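Enquirer: The following file, data16.txt, comprises compact mmCIF, C-alpha atoms:
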# COMPACT_ATOMS: atom_id res chain seq x y z
CA MET A 66 0.00 0.00 0.00
CA HIS A 67 2.97 2.30 0.35
CA GLU A 68 3.56 2.02 -3.38
CA LEU A 69 2.01 5.46 -3.92
CA PRO A 70 4.49 7.61 -1.96
CA ILE A 71 7.35 5.46 -3.28
CA THR A 72 6.12 6.02 -6.83
CA GLU A 73 5.80 9.78 -6.30
CA SER A 74 9.35 9.88 -5.07
CA ILE A 75 10.58 7.88 -8.09
CA LEU A 76 8.79 10.24 -10.48
CA ASN A 77 10.23 13.36 -8.80
CA ILE A 78 13.78 12.02 -9.03
CA VAL A 79 13.31 10.90 -12.65
CA ILE A 80 11.89 14.27 -13.74
CA SER A 81 14.73 16.12 -12.06
CA TYR A 82 17.35 13.97 -13.87
CA ALA A 83 15.44 14.34 -17.15
CA GLU A 84 15.52 18.13 -16.87
CA LYS A 85 19.23 18.19 -16.05
CA ASN A 86 20.02 15.96 -19.04
CA ALA A 87 17.74 17.51 -21.70
CA VAL A 88 15.76 14.30 -22.05
CA LYS A 89 12.87 14.16 -24.53
CA LYS A 90 11.39 10.89 -23.36
CA VAL A 91 12.08 8.40 -20.58
CA MET A 92 11.78 4.86 -21.94
CA ALA A 93 12.60 2.80 -18.87
CA ILE A 94 13.69 3.21 -15.26
CA ASN A 95 15.86 0.57 -13.64
CA LEU A 96 15.15 0.12 -9.95
CA GLN A 97 16.89 -1.96 -7.33
CA VAL A 98 14.53 -3.07 -4.58
CA GLY A 99 15.56 -5.27 -1.65
CA MET A 100 13.93 -8.68 -1.19
CA LEU A 101 12.76 -7.60 2.27
CA SER A 102 10.40 -5.06 0.73
CA ASP A 103 6.79 -6.02 0.17
CA LEU A 104 6.47 -3.71 -2.81
CA GLU A 105 4.18 -5.04 -5.55
CA ASP A 106 5.76 -4.60 -8.98
CA GLU A 107 2.43 -4.50 -10.76
CA TRP A 108 0.98 -1.78 -8.54
CA ILE A 109 4.00 0.41 -8.67
CA GLN A 110 3.79 0.35 -12.47
CA ARG A 111 0.06 1.21 -12.37
CA TYR A 112 0.59 4.13 -10.02
CA PHE A 113 3.49 5.30 -12.11
CA ASP A 114 1.44 5.19 -15.32
CA HIS A 115 -1.19 7.33 -13.64
CA LEU A 116 1.12 9.86 -11.97
CA SER A 117 3.44 10.29 -14.95
CA ARG A 118 0.73 11.30 -17.43
CA GLY A 119 1.70 14.47 -19.24
CA THR A 120 5.31 14.30 -18.02
CA VAL A 121 8.52 13.36 -19.82
CA ALA A 122 8.27 9.96 -18.12
CA GLU A 123 4.82 9.04 -19.43
CA GLY A 124 4.84 5.47 -20.74
CA ALA A 125 8.15 4.56 -19.11
CA LYS A 126 8.57 0.95 -18.06
CA LEU A 127 9.74 0.29 -14.51
CA LYS A 128 12.22 -2.58 -14.44
CA ILE A 129 12.71 -3.89 -10.93
CA GLU A 130 15.78 -5.88 -9.97
CA ARG A 131 15.29 -7.65 -6.63
CA MET A 132 18.36 -7.38 -4.43
CA PRO A 133 19.20 -10.39 -2.25
CA ILE A 134 19.35 -10.24 1.54
CA LYS A 135 23.02 -10.20 2.50
CA LEU A 136 24.67 -10.20 5.88
CA GLN A 137 28.25 -9.44 6.80
CA CYS A 138 29.75 -11.34 9.68
CA ASN A 139 30.75 -9.04 12.56
CA LEU A 140 33.55 -11.43 13.50
CA CYS A 141 35.27 -12.44 10.25
CA ALA A 142 33.72 -10.00 7.71
CA THR A 143 32.47 -12.78 5.39
CA LEU A 144 29.53 -11.76 3.17
CA TYR A 145 26.69 -14.24 2.83
CA GLU A 146 23.14 -14.41 1.52
CA VAL A 147 20.18 -15.51 3.64
CA GLU A 148 16.55 -16.42 3.07
CA LYS A 149 13.86 -13.89 3.94
CA THR A 150 12.28 -15.90 6.77
CA ASN A 151 15.55 -17.08 8.21
CA ILE A 152 17.66 -13.97 8.62
CA GLY A 153 18.83 -14.43 12.19
CA ASP A 154 19.06 -18.19 12.06
CA THR A 155 21.77 -18.54 9.45
CA VAL A 156 25.35 -19.01 10.53
CA CYS A 157 28.34 -17.46 8.80
CA PRO A 158 29.85 -19.87 6.25
CA GLY A 159 33.29 -18.44 7.13
CA CYS A 160 33.44 -18.97 10.91
CA GLY A 161 30.19 -20.75 11.82
CA LYS A 162 29.05 -18.00 14.22
CA ASN A 163 25.66 -16.31 14.15
CA ASP A 164 26.56 -12.63 14.39
CA GLY A 165 25.85 -10.91 11.09
CA LYS A 166 24.65 -7.43 10.27
CA LEU A 167 22.27 -6.70 7.42
CA ILE A 168 24.02 -4.88 4.62
CA SER A 169 21.66 -5.48 1.71
CA GLY A 170 18.01 -6.42 1.19
CA ARG A 171 16.21 -3.20 2.11
CA GLU A 172 17.24 -1.14 -0.94
CA TYR A 173 15.00 1.34 -2.68
CA HIS A 174 17.31 2.66 -5.37
CA ILE A 175 17.00 4.09 -8.85
CA ARG A 176 20.05 2.70 -10.64
CA ASP A 177 19.68 4.42 -14.01
CA MET A 178 17.21 5.30 -16.72
CA GLU A 179 16.95 4.66 -20.45
CA VAL A 180 16.09 7.85 -22.28
CA GLN A 181 15.88 9.54 -25.66
CA MET B 121 14.38 7.31 -34.41
CA GLU B 122 16.88 8.69 -31.95
CA GLY B 123 19.05 6.24 -30.08
CA VAL B 124 18.38 5.36 -26.50
CA ARG B 125 20.98 6.46 -24.01
CA LEU B 126 21.49 5.51 -20.39
CA ILE B 127 21.63 8.09 -17.59
CA GLU B 128 23.13 6.96 -14.32
CA VAL B 129 20.97 8.01 -11.37
CA LYS B 130 22.07 6.03 -8.28
CA GLU B 131 19.60 7.74 -5.94
CA ASP B 132 17.89 6.34 -2.88
CA ILE B 133 14.14 6.65 -3.43
CA LEU B 134 13.62 7.16 0.30
CA ALA B 135 16.51 9.63 0.69
CA ASP B 136 14.29 12.59 1.58
CA ASN B 137 12.55 10.67 4.35
CA ILE B 138 15.81 9.23 5.70
CA LYS B 139 17.26 12.74 5.93
CA ILE B 140 14.19 14.20 7.66
CA ALA B 141 14.10 11.23 10.07
CA ALA B 142 17.74 11.81 11.04
CA GLY B 143 16.84 15.46 11.73
CA VAL B 144 13.93 14.42 13.97
CA ARG B 145 16.22 12.08 15.96
CA GLN B 146 18.84 14.79 16.44
CA ARG B 147 16.31 17.45 17.41
CA LEU B 148 14.73 15.22 20.07
CA SER B 149 18.12 14.03 21.33
CA ASN B 150 18.99 17.69 21.94
CA THR B 151 16.06 18.03 24.35
CA LYS B 152 16.57 14.52 25.85
CA THR B 153 13.18 13.41 24.56
CA MET B 154 13.10 9.74 23.54
CA LEU B 155 10.84 8.92 20.57
CA LEU B 156 9.31 5.44 20.48
CA ASN B 157 7.46 4.15 17.39
CA LEU B 158 4.72 1.66 18.33
CA MET B 159 3.49 -0.55 15.50
CA SER B 160 1.05 -3.46 15.16
CA SER B 161 -1.99 -4.75 13.29
CA PRO B 162 -5.34 -3.04 13.88
CA GLY B 163 -6.94 -4.17 17.14
CA SER B 164 -3.88 -5.71 18.77
CA GLY B 165 -3.94 -3.24 21.68
CA LYS B 166 -1.77 -0.20 20.87
CA THR B 167 -4.09 2.33 22.52
CA SER B 168 -4.71 0.07 25.54
CA LEU B 169 -0.97 -0.37 25.96
CA ILE B 170 -0.41 3.40 25.86
CA LEU B 171 -3.02 3.90 28.59
CA LYS B 172 -1.39 1.19 30.74
CA THR B 173 2.04 2.68 30.06
CA PHE B 174 0.91 6.11 31.21
CA GLU B 175 -0.44 4.65 34.46
CA GLY B 176 2.88 2.94 35.10
CA LEU B 177 5.11 5.89 34.21
CA LYS B 178 3.23 8.99 35.21
CA ASP B 179 5.16 9.52 38.45
CA SER B 180 8.57 9.21 36.84
CA ILE B 181 8.35 10.17 33.16
CA ARG B 182 6.61 12.98 31.25
CA LEU B 183 4.85 11.21 28.38
CA GLY B 184 3.29 12.57 25.17
CA VAL B 185 1.54 10.67 22.39
CA ILE B 186 1.32 11.15 18.64
CA GLU B 187 -1.68 9.28 17.30
CA ALA B 188 -1.89 8.38 13.63
CA ASP B 189 -5.03 7.20 11.97
CA ILE B 190 -6.14 7.05 8.41
CA ASP B 191 -9.21 9.14 9.16
CA SER B 192 -10.50 9.28 12.73
CA THR B 193 -9.72 10.89 16.09
CA VAL B 194 -11.06 8.07 18.30
CA ASP B 195 -7.67 7.06 19.73
CA ALA B 196 -6.48 10.59 20.49
CA GLU B 197 -9.74 11.35 22.30
CA LYS B 198 -9.32 8.21 24.46
CA VAL B 199 -5.74 9.10 25.31
CA ALA B 200 -6.40 12.82 25.94
CA ALA B 201 -9.34 11.92 28.22
CA ARG B 202 -6.75 10.41 30.63
CA GLY B 203 -4.87 13.68 30.73
CA ILE B 204 -2.02 12.56 28.45
CA PRO B 205 -0.74 15.26 26.07
CA ALA B 206 -1.79 13.87 22.68
CA ILE B 207 -1.91 15.04 19.11
CA GLN B 208 -3.83 13.34 16.31
CA LEU B 209 -2.42 13.09 12.81
CA ARG B 210 -4.74 12.02 10.05
CA THR B 211 -2.73 10.35 7.36
CA GLY B 212 -5.38 10.99 4.73
CA GLY B 213 -5.50 7.45 3.43
CA PHE B 214 -1.81 6.69 3.80
CA CYS B 215 -1.02 3.40 5.45
CA HIS B 216 1.96 4.60 7.48
CA LEU B 217 3.58 7.66 9.04
CA ASP B 218 6.67 9.22 7.56
CA ALA B 219 9.17 11.55 9.21
CA THR B 220 7.51 14.69 7.82
CA MET B 221 4.20 13.78 9.44
CA VAL B 222 5.98 12.99 12.72
CA THR B 223 7.63 16.43 12.59
CA GLN B 224 4.18 18.04 12.53
CA GLY B 225 3.22 16.00 15.58
CA ILE B 226 6.35 17.01 17.50
CA ASP B 227 5.80 20.67 16.64
CA ALA B 228 2.29 20.49 18.05
CA LEU B 229 3.27 18.68 21.27
CA ALA B 230 5.78 21.05 22.93
CA ALA B 231 8.17 18.11 22.80
CA ASN B 232 11.01 19.80 24.70
CA LYS B 233 9.01 19.44 27.95
CA LEU B 234 8.58 15.66 27.51
CA ASP B 235 10.87 12.74 28.40
CA LEU B 236 9.17 10.26 26.12
CA ILE B 237 6.92 10.49 23.07
CA ILE B 238 5.12 7.39 21.84
CA ILE B 239 3.97 7.34 18.23
CA GLU B 240 0.93 5.14 17.75
CA ASN B 241 1.51 4.27 14.11
CA VAL B 242 -1.22 3.22 11.66
CA GLY B 243 -2.41 -0.34 12.34
CA ASN B 244 -0.54 -2.31 9.70
CA LEU B 245 2.39 -4.77 9.78
CA VAL B 246 3.66 -3.98 6.28
CA CYS B 247 4.12 -0.32 5.37
CA PRO B 248 5.20 1.24 8.68
CA ALA B 249 8.22 -1.08 8.70
CA GLU B 250 9.57 0.58 5.54
CA PHE B 251 9.54 4.20 6.67
CA ASP B 252 11.92 5.64 9.25
CA THR B 253 9.86 7.91 11.53
CA GLY B 254 12.88 9.36 13.33
CA ALA B 255 12.20 7.19 16.38
CA HIS B 256 15.04 6.14 18.72
CA LYS B 257 13.30 2.81 19.44
CA ASN B 258 10.86 0.66 17.47
CA VAL B 259 8.39 -1.49 19.38
CA MET B 260 5.71 -3.78 18.00
CA ILE B 261 2.74 -5.64 19.43
CA LEU B 262 1.52 -9.02 18.25
CA SER B 263 -1.67 -10.20 19.95
CA VAL B 264 -2.41 -13.86 20.61
CA PRO B 265 -5.56 -14.00 18.40
CA GLU B 266 -3.48 -12.96 15.36
CA GLY B 267 -1.57 -16.23 15.46
CA ASP B 268 2.02 -17.38 15.91
CA ASP B 269 2.70 -17.48 12.14
CA LYS B 270 2.96 -13.69 11.66
CA PRO B 271 6.79 -13.55 11.68
CA LEU B 272 6.69 -15.75 8.58
CA LYS B 273 4.35 -13.34 6.80
CA TYR B 274 5.81 -10.00 7.87
CA PRO B 275 9.53 -10.61 8.45
CA LEU B 276 10.63 -7.02 7.90
CA MET B 277 8.51 -5.70 10.78
CA PHE B 278 9.90 -8.28 13.21
CA SER B 279 13.45 -7.66 12.03
CA ILE B 280 13.45 -3.87 12.64
CA CYS B 281 11.97 -3.82 16.17
CA ASP B 282 13.82 -3.54 19.48
CA VAL B 283 10.93 -5.00 21.48
CA LEU B 284 8.06 -7.37 20.70
CA LEU B 285 5.14 -7.25 23.11
CA VAL B 286 2.98 -10.36 22.85
CA ASN B 287 -0.38 -9.00 24.05
CA LYS B 288 -3.64 -10.66 25.10
CA ILE B 289 -1.91 -13.60 26.78
CA ASP B 290 -5.15 -14.02 28.75
CA TYR B 291 -6.46 -15.64 25.51
CA LEU B 292 -3.73 -18.30 25.44
CA SER B 293 -5.85 -20.98 27.09
CA LEU B 294 -8.54 -20.51 24.42
CA SER B 295 -6.25 -20.73 21.42
CA ASP B 296 -3.68 -22.99 19.78
CA PHE B 297 -1.12 -20.17 19.74
CA ASP B 298 2.32 -21.73 20.23
CA MET B 299 4.53 -19.33 22.23
CA VAL B 300 7.63 -21.52 21.82
CA ALA B 301 7.20 -21.58 18.03
CA LEU B 302 6.60 -17.84 17.98
CA ARG B 303 9.76 -17.10 19.96
CA LYS B 304 11.80 -19.35 17.68
CA ARG B 305 10.45 -17.67 14.53
CA VAL B 306 11.00 -14.15 15.87
CA LEU B 307 14.52 -14.82 17.15
CA ALA B 308 15.42 -16.38 13.81
CA LEU B 309 14.65 -13.02 12.20
CA ASN B 310 16.05 -10.81 14.93
CA PRO B 311 18.28 -12.36 17.60
CA ASN B 312 18.53 -9.05 19.50
CA ILE B 313 14.82 -8.41 19.97
CA LYS B 314 13.40 -8.37 23.52
CA ILE B 315 10.15 -10.34 23.82
CA ILE B 316 7.75 -9.45 26.65
CA GLU B 317 4.47 -11.31 27.21
CA VAL B 318 1.70 -9.02 28.45
CA SER B 319 -2.03 -8.64 28.90
CA CYS B 320 -3.36 -5.10 28.90
CA LYS B 321 -6.59 -6.54 30.28
CA THR B 322 -5.24 -8.39 33.35
CA GLY B 323 -2.08 -6.31 33.72
CA ALA B 324 0.16 -9.40 33.48
CA GLY B 325 3.66 -8.57 32.30
CA ILE B 326 3.01 -4.82 32.17
CA GLY B 327 5.49 -4.33 35.03
CA ASP B 328 8.27 -5.88 32.90
CA TRP B 329 7.44 -3.50 30.06
CA ILE B 330 7.43 -0.48 32.39
CA ASP B 331 10.80 -1.59 33.85
CA TRP B 332 12.26 -1.82 30.33
CA LEU B 333 10.95 1.64 29.43
CA ASN B 334 12.22 3.26 32.65
CA LYS B 335 15.68 1.81 32.06
CA GLU B 336 15.75 2.81 28.40
CA VAL B 337 14.56 6.38 29.02
CA ALA B 338 17.15 6.80 31.80
CA ALA B 339 19.94 5.38 29.60
CA PHE B 340 18.85 7.56 26.68
CA SER B 341 18.90 10.69 28.80
CA LEU B 342 22.50 9.93 29.86
CA SER B 343 23.67 9.04 26.36
CA VAL B 344 22.60 12.23 24.55
As structure tokens, please, write out the structure in this file.
Expert:
Amino acid sequence: MHELPITESILNIVISYAEKNAVKKVMAINLQVGMLSDLEDEWIQRYFDHLSRGTVAEGAKLKIERMPIKLQCNLCATLYEVEKTNIGDTVCPGCGKNDGKLISGREYHIRDMEVQ
Amino acid sequence: MEGVRLIEVKEDILADNIKIAAGVRQRLSNTKTMLLNLMSSPGSGKTSLILKTFEGLKDSIRLGVIEADIDSTVDAEKVAARGIPAIQLRTGGFCHLDATMVTQGIDALAANKLDLIIIENVGNLVCPAEFDTGAHKNVMILSVPEGDDKPLKYPLMFSICDVLLVNKIDYLSLSDFDMVALRKRVLALNPNIKIIEVSCKTGAGIGDWIDWLNKEVAAFSLSV
């Protein structure tokens, strides 16, 4: 349900980059969204289609890359991926301890955009 | 047809909110006012817990409440009727509070004269977990009738909270809620979370919650 404010924020950032770069039309926007987010791809596209009417980004396709949940071990610095429902229950493959901090999986980033 | 080119953006979509939230935290730290964000499903007992909390703290801590509702003032009226400074924010259909809305609440509350502000967030286990409100501590309630499977459905919420209050434990004998399974599921997501079993109705466990709050508010006041 929080797709609407997220979508507004995406549109504002995209329009500001389009103005700075003399863009005629935004074709696609590449997003990176963490696997921990409950964002619905379909709804974010629908909201975007509605909000972007009459702007340089009208008709742009949102391409969402889901970013894995990654922890870094506080003891030996090993990076490892974990499943969504099992974040705190996974031990470090480097040292076998369970003391990792979340470093990826909650992203809400615009990576880049394809424009004319 | 003109060729398509790629423009690098590399922007955080939530950057504005993250920045405003950091400002809220700093501003309240300056006046030694701890901000606590209380989240849960609708009907799990947020307002009842706030009333119980006020009873337990009123001699030691100056408490204020920011109530958020999609479109009603029922909760703020209940809280204000007990003499607790309270402000109601209507989110106008939004399913969560963001740091800008919280700023409005703090402005209206004379926050510098308070030791603790509790935000009663919109009843929802999904969206509030995504938006930093500027709170120093995040606390959630799960009530027994909701079931012990909720950590499997809403892992983000359980993973961002400092405390989980399991409310309505007076219903345990009537349900197949498995407290051992719940604890295991929650700790798998968040090994550092503190779990306190309470009943706002019977008062069971409320003393443990009040003890935690007293300690945290005292430690906060010394740390900022």
Enquirer: Find the residues in chain A near chain B: any atom within 7 Å counts, using all atoms listed in the file. Write them as a VMD selection string.
Expert: chain A and resid 66 to 67 71 74 to 75 101 150 to 154 173 to 181
Enquirer: Considering all atoms listed in the file, tabulate each residue of range 222-298 of chain B that lies at most 9 Å from range 158-167 of chain B along with its nearest interatomic pair and the corresponding distance in Å to one decimal; arrange the rows by chain and ascending residue number and present them as a tab-separated table.
Expert:
residue	atom	partner	partner_atom	distance
B:Ile238	CA	B:Leu158	CA	6.7
B:Ile239	CA	B:Leu158	CA	5.7
B:Glu240	CA	B:Leu158	CA	5.2
B:Asn241	CA	B:Met159	CA	5.4
B:Val242	CA	B:Met159	CA	7.2
B:Gly243	CA	B:Pro162	CA	4.3
B:Asn244	CA	B:Ser161	CA	4.6
B:Leu245	CA	B:Ser161	CA	5.6
B:Pro248	CA	B:Met159	CA	7.3
B:Ala249	CA	B:Met159	CA	8.3
B:Lys257	CA	B:Leu158	CA	8.7
B:Asn258	CA	B:Leu158	CA	6.3
B:Val259	CA	B:Leu158	CA	4.9
B:Met260	CA	B:Met159	CA	4.6
B:Ile261	CA	B:Ser160	CA	5.1
B:Leu262	CA	B:Ser164	CA	6.4
B:Ser263	CA	B:Ser164	CA	5.1
B:Val264	CA	B:Ser164	CA	8.5
B:Pro265	CA	B:Ser164	CA	8.5
B:Glu266	CA	B:Ser164	CA	8.0
B:Met277	CA	B:Met159	CA	8.6
B:Asn287	CA	B:Ser164	CA	7.1
B:Lys288	CA	B:Ser164	CA	8.0
Enquirer: Would you kindly return, as number ranges by chain, each protein, DNA or RNA residue with an atom no farther than 12 Å from any atom of Asp328 in chain B, considering all atoms listed in the file and excluding same-chain residues fewer than 2 positions away?
Expert: B: 173, 176, 283, 285, 314-319, 323-326, 330-335
Enquirer: For a test of reading the model, state the distance in Å between CA of Leu177 in chain B and CA of Arg147 in chain B, rounded to one decimal.
Expert: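 Those two atoms sit 23.3 Å apart.
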Enquirer: If we count all atoms listed in the file, what is near Leu140 in chain A at a cut-off of 9 Å, once residues fewer than 6 positions away on the same chain are taken out, given as JSON, numbers by chain?
Expert: {"A": [160, 162, 164, 165]}
Enquirer: Rounded to one decimal, what separation in Å do you get between CA of Lys198 in chain B and CA of Ile170 in chain B?
Expert: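 If I compute the distance from CA of Lys198 in chain B to CA of Ile170 in chain B, I get 10.2 Å.
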Enquirer: Work out how far apart CA of Cys320 in chain B and CA of Leu284 in chain B are and give it in Å to one decimal.
Expert: 14.2 Å
Enquirer: Between B:Ile289, B:Thr322, B:Leu171, B:Gln224, which one has atoms that come closest to Ala201 in chain B, using all atoms listed in the file?
Expert: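 Between B:Ile289, B:Thr322, B:Leu171, B:Gln224, the residue approaching Ala201 in chain B most closely is B:Leu171.
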Enquirer: Got a sec: who's within 12 Å of Ala338 in chain B, counting only C-alpha atoms, leaving out chain neighbours fewer than 5 positions off, as a list in words?
Expert: Lys152, Thr153, Met154, Ser180, Ile181, Asp235, Leu236, Asp331, Trp332, Leu333, Ser343 and Val344 of chain B
Enquirer: Produce a file of the selected residues containing C-alpha atoms, as a short mmCIF file (atom, residue, chain, number, x, y, z; two decimals), keeping the file's coordinate frame.
Expert:
data_model
loop_
_atom_site.label_atom_id
_atom_site.label_comp_id
_atom_site.auth_asym_id
_atom_site.auth_seq_id
_atom_site.Cartn_x
_atom_site.Cartn_y
_atom_site.Cartn_z
CA LYS B 152 16.57 14.52 25.85
CA THR B 153 13.18 13.41 24.56
CA MET B 154 13.10 9.74 23.54
CA SER B 180 8.57 9.21 36.84
CA ILE B 181 8.35 10.17 33.16
CA ASP B 235 10.87 12.74 28.40
CA LEU B 236 9.17 10.26 26.12
CA ASP B 331 10.80 -1.59 33.85
CA TRP B 332 12.26 -1.82 30.33
CA LEU B 333 10.95 1.64 29.43
CA SER B 343 23.67 9.04 26.36
CA VAL B 344 22.60 12.23 24.55
#
Enquirer: Excluding Glu123 in chain A and any residue of its chain fewer than 4 positions from it, enumerate the residues within 8 Å of it, using all atoms listed in the file, and give them as a VMD selection string.
Expert: chain A and resid 90 to 91 114 117 to 119
Enquirer: Would you output that residue set with C-alpha atoms, as a PDB file, in the frame of the given file?
Expert:
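Final file, part00.pdb:
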ATOM      1  CA  LYS A  90      11.390  10.890 -23.360  1.00  0.00           C
ATOM      2  CA  VAL A  91      12.080   8.400 -20.580  1.00  0.00           C
ATOM      3  CA  ASP A 114       1.440   5.190 -15.320  1.00  0.00           C
ATOM      4  CA  SER A 117       3.440  10.290 -14.950  1.00  0.00           C
ATOM      5  CA  ARG A 118       0.730  11.300 -17.430  1.00  0.00           C
ATOM      6  CA  GLY A 119       1.700  14.470 -19.240  1.00  0.00           C
TER       7      GLY A 119
END
Enquirer: Skipping near chain neighbours, those fewer than 6 positions away, what residues fall within 8 Å of Pro133 in chain A using only C-alpha atoms, listed as a list in words?
Expert: Gly99, Met100, Glu146, Val147, Ser169 and Gly170 of chain A
Enquirer: Now that the selection is made, can you save its residues with C-alpha atoms as a CSV table (one decimal), in the coordinates of the input?
Expert:
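Generated file (selection_10.csv):
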chain,number,residue,atom,x,y,z
A,99,GLY,CA,15.6,-5.3,-1.6
A,100,MET,CA,13.9,-8.7,-1.2
A,146,GLU,CA,23.1,-14.4,1.5
A,147,VAL,CA,20.2,-15.5,3.6
A,169,SER,CA,21.7,-5.5,1.7
A,170,GLY,CA,18.0,-6.4,1.2
